[in-house]
Amino acid sequence: MPVYRNWSGSFQFKYQKLHQPTSESEIVAVVRQATNSRQKVKVVGSGHSCSQIAKADDAILISLKNYNRILEADPSSGLVKAQSGIILRDLCKQLKHHGLALQNMGTIDEQTLAGAIATGTHGTGITQPAIDQQIHAYTLVTGTGEVIEVDQNHELYEAGKVALGALGILSTITLKCVANFKLEVNTFSTSLQQAVKKLPEHLQSPYFRLWWFPHTNKVQVWQANETTKPASIESKWAYWYKNILLGNYVTELGLWFTSFLPTSIRSFNRWVFNQLFSQPQSNVRYAYDAFVIPIRTKQLVMEYAIPIGQAESAIKKMEAFIESGSQVVHFPIEIRFAPSNEAWMSMSYERTSCYIGIITYHPYGKKIPHEPYFRQIHHILADFDARPHWAKIHYFSAEALEQKYAKWNDFKRLRSQLDPEGMFENEYLKKLFSTEKKT
Ligand SMILES: Cc1cc2nc3c(=O)[nH]c(=O)nc-3n(C[C@H](O)[C@H](O)[C@H](O)COP(=O)(O)OP(=O)(O)OC[C@H]3O[C@@H](n4cnc5c(N)ncnc54)[C@H](O)[C@@H]3O)c2cc1C
């Protein structure tokens, strides 16, 4: 049987067959065929989730990499209808041709549109929508092969977007885009204490995040405001030198070396900070170019969303852990922000959130243990009513998660209606939503 492996190598599995449909009717046909032969089906996107959410042993796989076209684009309304397998990079480039852009997005552009939406992918800024909040309408292929058109008045609207692949296959997605815009990005370094003290002030910036370099007490502040100033001119060479050569190749080498001598991680974090993040910088970029960073080194990530009012206390508790020196960990600890979200299973459901993300790298594929670090941070953030990012590692039980989501049981009810045979179920979903209670 053929084997599927995700981007980070955090899982692999054997599957029955891979389908690459090019139309909605072909997607429906695959689902119906699978129902008839009582086989599970799983859509795989770009494989960028390091949680087991896309792992589907023995299933029939669907890749929508050929279901990737923009079907309609109306620059005056900003409405853009796309096939859900489109990669964000291709989407953003085509939007630009129509004078449009996504209002906000995450740090990379390699995900499929549907994969990003299904896991609640977010960017940063307390007024800036996650990708699912930029949806106007969508179609969903259910487990019985029915195609449902969902708009803002439909009862499924807030349930079927961030749906973890559990309710059906997102087929076409109509986005509400904005006129293409530029951002003036300002970055500067400060101490962790100053950054935390000035959080309320920093949060006035529409787009804002912190990259904390553990064991150095240094933080890079990244802020961006919309501008009409002309875009900065940056040579391709300068971009390549900083972001690819230093930011990826040299850094990956350093990550590999320090994996043999963990005590050197402190100095390495300081070196990277000094080389790449310490100098104040200001530039003007089109929004898409400002949001996206080329990230090549494989990594495992854990990211929890906590209520924004808890951010300061949570960061201070994490600082105490880092300062204790009981573990030496790599940069960065990423601190981002997102507005309250109405999607039932969004990590930001009904609360403005601070997202705290930690990383363990796998330089050249070398697996470095992540458990001690991740579990420690889990214990800290669990006390702050944290909700885990669906695409990333976490340690919450289904029972604990159920308490965190007001619509959990409504979601389960919809799941049994839309996927009565459990066509889309995998181990990840079974653990979350299986109705059998643990004894
Ligand atoms: C380097 C890196 C940077 C990242 N940066 C960010 C970030 O800034 N912000 C953030 O929030 N996340 C971030 N992520 C997480 C990433 O956005 C998610 O893992 C996203 O789900 C990846 O999309 P994918 O296409 O790879 O989906 P996959 O990982 O392949 O699949 C994820 C889930 O989506 C489901 N799915 C895929 N297509 C469909 C469909 N058509 N219909 C229904 N379900 C579907 C799959 O079945 C699976 O359950 C990052 C990940 C990496 C590796």
# chains A, B, ... in the order shown; residues from 1 in each chain; ligands from 1
>>> select_by_dssp(residues="stretch 22-208 of chain A", states="strand (DSSP E)", output="PyMOL selection string")
chain A and resi 41-44+60-63+70-74+79-83+100-101+135-141+147-151+169-176+178-179+182-191+207-208
>>> residues_around(residues="A:Ala386", least_positions_apart="2", cutoff="9 Å", atoms="only C-alpha atoms", output="short mmCIF file (atom, residue, chain, number, x, y, z; two decimals) with N, CA and C atoms, in the first residue's frame")
data_model
loop_
_atom_site.label_atom_id
_atom_site.label_comp_id
_atom_site.auth_asym_id
_atom_site.auth_seq_id
_atom_site.Cartn_x
_atom_site.Cartn_y
_atom_site.Cartn_z
N TYR A 304 -1.26 27.57 21.76
CA TYR A 304 -2.50 27.64 22.53
C TYR A 304 -3.04 29.07 22.50
N ALA A 305 -4.35 29.17 22.41
CA ALA A 305 -5.02 30.48 22.45
C ALA A 305 -5.58 30.70 23.85
N ILE A 306 -5.23 31.83 24.43
CA ILE A 306 -5.77 32.15 25.76
C ILE A 306 -6.54 33.48 25.68
N PRO A 307 -7.45 33.73 26.62
CA PRO A 307 -8.16 35.02 26.57
C PRO A 307 -7.15 36.15 26.67
N MET A 347 -10.48 28.43 17.66
CA MET A 347 -9.80 28.58 18.95
C MET A 347 -10.13 29.94 19.58
N HIS A 378 2.38 23.31 28.29
CA HIS A 378 0.96 22.91 28.40
C HIS A 378 0.46 23.13 29.82
N LEU A 381 0.02 26.88 30.49
CA LEU A 381 -1.07 27.57 29.78
C LEU A 381 -2.44 26.96 30.08
N ALA A 382 -2.46 25.69 30.48
CA ALA A 382 -3.74 25.07 30.82
C ALA A 382 -4.44 25.84 31.93
N ASP A 383 -3.66 26.47 32.80
CA ASP A 383 -4.24 27.25 33.90
C ASP A 383 -4.87 28.56 33.41
N PHE A 384 -4.67 28.89 32.13
CA PHE A 384 -5.20 30.15 31.61
C PHE A 384 -6.32 29.91 30.60
N PRO A 388 -6.25 24.68 22.29
CA PRO A 388 -5.14 24.35 21.39
C PRO A 388 -5.47 24.56 19.92
N LYS A 404 -14.51 23.57 26.85
CA LYS A 404 -13.99 24.85 26.36
C LYS A 404 -14.81 25.42 25.21
#
>>> residues_near_ligand(ligand="ligand 1", cutoff="6 Å", atoms="only C-alpha atoms and all ligand atoms", output="JSON, numbers by chain")
{"A": [42, 43, 44, 45, 46, 47, 48, 49, 53, 54, 84, 106, 107, 108, 111, 112, 114, 115, 116, 118, 119, 121, 122, 123, 164, 165, 168, 169, 170, 171, 295, 391]}
>>> residues_around(residues="stretch 284-288 of chain A", least_positions_apart="2", cutoff="6 Å", atoms="only C-alpha atoms", output="list in words")
Phe181, Lys182, Leu183, Glu184, Ala231, Ser232, Ala290 and Phe291 of chain A
>>> select_by_dssp(residues="stretch 246-419 of chain A", states="helix (DSSP H, G or I)", output="ChimeraX atom specification")
/A:246-258,262-277,287-291,308-324,363-365,371-382,398-404,408-418
>>> residues_around(residues="A:Asp151", least_positions_apart="2", cutoff="10 Å", atoms="only C-alpha atoms", output="PyMOL selection string")
chain A and resi 135-139+148-149+153-158+174
>>> write_last_selection(atoms="N, CA, C and O atoms", output="CSV table (one decimal), in the first residue's frame")
chain,number,residue,atom,x,y,z
A,135,ILE,N,-14.6,34.5,4.9
A,135,ILE,CA,-15.4,33.7,4.0
A,135,ILE,C,-16.8,34.4,3.9
A,135,ILE,O,-17.4,34.8,4.9
A,136,HIS,N,-17.3,34.4,2.7
A,136,HIS,CA,-18.6,34.9,2.4
A,136,HIS,C,-19.6,33.8,2.3
A,136,HIS,O,-20.7,33.8,2.8
A,137,ALA,N,-19.2,32.7,1.6
A,137,ALA,CA,-20.1,31.6,1.4
A,137,ALA,C,-19.2,30.4,1.0
A,137,ALA,O,-18.0,30.5,0.6
A,138,TYR,N,-19.8,29.2,1.1
A,138,TYR,CA,-19.0,28.0,0.6
A,138,TYR,C,-19.9,26.8,0.3
A,138,TYR,O,-21.1,26.9,0.7
A,139,THR,N,-19.4,25.8,-0.4
A,139,THR,CA,-20.2,24.6,-0.6
A,139,THR,C,-19.5,23.5,0.1
A,139,THR,O,-18.2,23.4,0.2
A,148,ILE,N,-24.1,21.0,-0.2
A,148,ILE,CA,-24.9,22.0,0.4
A,148,ILE,C,-24.2,23.4,0.2
A,148,ILE,O,-23.0,23.5,0.4
A,149,GLU,N,-25.0,24.3,-0.3
A,149,GLU,CA,-24.6,25.7,-0.5
A,149,GLU,C,-24.8,26.4,0.8
A,149,GLU,O,-25.9,26.5,1.3
A,153,ASN,N,-26.6,33.1,6.0
A,153,ASN,CA,-27.9,32.9,6.6
A,153,ASN,C,-28.2,31.4,6.9
A,153,ASN,O,-29.2,31.1,7.5
A,154,HIS,N,-27.3,30.6,6.4
A,154,HIS,CA,-27.5,29.1,6.6
A,154,HIS,C,-27.0,28.7,8.0
A,154,HIS,O,-26.1,29.2,8.5
A,155,GLU,N,-27.8,27.7,8.6
A,155,GLU,CA,-27.5,27.3,9.9
A,155,GLU,C,-26.1,26.7,10.0
A,155,GLU,O,-25.5,26.6,11.1
A,156,LEU,N,-25.6,26.2,8.9
A,156,LEU,CA,-24.2,25.6,8.9
A,156,LEU,C,-23.1,26.5,8.9
A,156,LEU,O,-21.9,26.2,9.1
A,157,TYR,N,-23.4,27.8,8.6
A,157,TYR,CA,-22.3,28.8,8.2
A,157,TYR,C,-21.2,28.8,9.2
A,157,TYR,O,-20.0,28.7,8.8
A,158,GLU,N,-21.5,28.9,10.5
A,158,GLU,CA,-20.4,29.1,11.5
A,158,GLU,C,-19.9,27.7,12.0
A,158,GLU,O,-18.9,27.6,12.7
A,174,THR,N,-16.2,31.1,-1.3
A,174,THR,CA,-16.2,32.5,-1.8
A,174,THR,C,-15.7,33.4,-0.6
A,174,THR,O,-16.2,33.4,0.5
>>> residues_around(residues="A:Ser259", least_positions_apart="2", cutoff="12 Å", atoms="only C-alpha atoms", output="ChimeraX atom specification")
/A:252-257,261-266,268,328-330,360-370
>>> residues_around(residues="A:Thr352", least_positions_apart="6", cutoff="10 Å", atoms="only C-alpha atoms", output="CSV table (one decimal) with N, CA, C and O atoms, in the first residue's frame")
chain,number,residue,atom,x,y,z
A,125,GLY,N,-3.2,40.3,15.1
A,125,GLY,CA,-3.8,41.6,15.1
A,125,GLY,C,-5.2,41.4,15.7
A,125,GLY,O,-6.0,40.6,15.2
A,126,ILE,N,-5.5,42.2,16.8
A,126,ILE,CA,-6.8,41.9,17.5
A,126,ILE,C,-8.0,42.4,16.7
A,126,ILE,O,-9.1,42.1,17.1
A,127,THR,N,-7.8,43.1,15.6
A,127,THR,CA,-8.9,43.4,14.7
A,127,THR,C,-8.9,42.7,13.4
A,127,THR,O,-9.7,42.9,12.5
A,305,ALA,N,-4.4,29.2,22.4
A,305,ALA,CA,-5.0,30.5,22.5
A,305,ALA,C,-5.6,30.7,23.9
A,305,ALA,O,-6.3,29.8,24.4
A,306,ILE,N,-5.2,31.8,24.4
A,306,ILE,CA,-5.8,32.2,25.8
A,306,ILE,C,-6.5,33.5,25.7
A,306,ILE,O,-6.3,34.3,24.8
A,307,PRO,N,-7.5,33.7,26.6
A,307,PRO,CA,-8.2,35.0,26.6
A,307,PRO,C,-7.1,36.2,26.7
A,307,PRO,O,-6.2,36.1,27.5
A,308,ILE,N,-7.3,37.2,25.9
A,308,ILE,CA,-6.3,38.2,25.8
A,308,ILE,C,-6.0,38.9,27.2
A,308,ILE,O,-4.9,39.2,27.5
A,309,GLY,N,-7.0,38.9,28.1
A,309,GLY,CA,-6.8,39.5,29.4
A,309,GLY,C,-5.8,38.7,30.2
A,309,GLY,O,-5.4,39.2,31.3
A,337,PHE,N,-2.0,37.6,18.2
A,337,PHE,CA,-3.3,38.1,18.7
A,337,PHE,C,-4.4,37.9,17.6
A,337,PHE,O,-4.1,38.0,16.4
A,338,ALA,N,-5.6,37.7,18.0
A,338,ALA,CA,-6.7,37.5,17.1
A,338,ALA,C,-8.0,38.0,17.7
A,338,ALA,O,-8.2,37.9,18.9
A,339,PRO,N,-8.9,38.5,16.8
A,339,PRO,CA,-10.2,38.9,17.3
A,339,PRO,C,-11.1,37.7,17.6
A,339,PRO,O,-10.9,36.6,17.2
A,340,SER,N,-12.2,38.0,18.4
A,340,SER,CA,-13.2,37.0,18.7
A,340,SER,C,-13.8,36.5,17.4
A,340,SER,O,-13.9,37.2,16.4
A,341,ASN,N,-14.1,35.2,17.4
A,341,ASN,CA,-14.5,34.5,16.1
A,341,ASN,C,-15.8,33.8,16.4
A,341,ASN,O,-16.0,33.2,17.5
>>> residues_around(residues="A:Ser205", least_positions_apart="2", cutoff="10 Å", atoms="only C-alpha atoms", output="list of chain:residue names")
A:Gly125, A:Ile126, A:Thr127, A:Pro200, A:Glu201, A:His202, A:Leu203, A:Tyr207, A:Phe208, A:Arg209, A:Trp222, A:Gln223, A:Ala224, A:Asn225, A:Glu226
>>> write_last_selection(atoms="C-alpha atoms", output="PDB file, in the first residue's frame")
ATOM      1  CA  GLY A 125      -3.800  41.599  15.146  1.00  0.00           C
ATOM      2  CA  ILE A 126      -6.782  41.949  17.494  1.00  0.00           C
ATOM      3  CA  THR A 127      -8.925  43.421  14.746  1.00  0.00           C
ATOM      4  CA  PRO A 200      -1.887  47.661  25.669  1.00  0.00           C
ATOM      5  CA  GLU A 201       0.005  50.279  23.642  1.00  0.00           C
ATOM      6  CA  HIS A 202       1.367  47.759  21.105  1.00  0.00           C
ATOM      7  CA  LEU A 203      -2.094  46.290  20.652  1.00  0.00           C
ATOM      8  CA  TYR A 207      -1.089  44.074  13.055  1.00  0.00           C
ATOM      9  CA  PHE A 208       1.236  43.173  15.910  1.00  0.00           C
ATOM     10  CA  ARG A 209       3.241  40.207  17.161  1.00  0.00           C
ATOM     11  CA  TRP A 222       6.665  43.494  14.764  1.00  0.00           C
ATOM     12  CA  GLN A 223       4.028  46.103  14.039  1.00  0.00           C
ATOM     13  CA  ALA A 224       2.326  47.033  10.802  1.00  0.00           C
ATOM     14  CA  ASN A 225      -0.008  49.818   9.742  1.00  0.00           C
ATOM     15  CA  GLU A 226      -1.748  50.378   6.453  1.00  0.00           C
TER      16      GLU A 226
END
>>> closest_residue(among="A:Gln327, A:Val250, A:Pro230, A:Lys317", to="A:Thr297", atoms="only C-alpha atoms")
A:Val250
>>> atom_distance(atom1="atom CA of A:Gln94", atom2="atom CA of A:Leu79")
13.2 Å
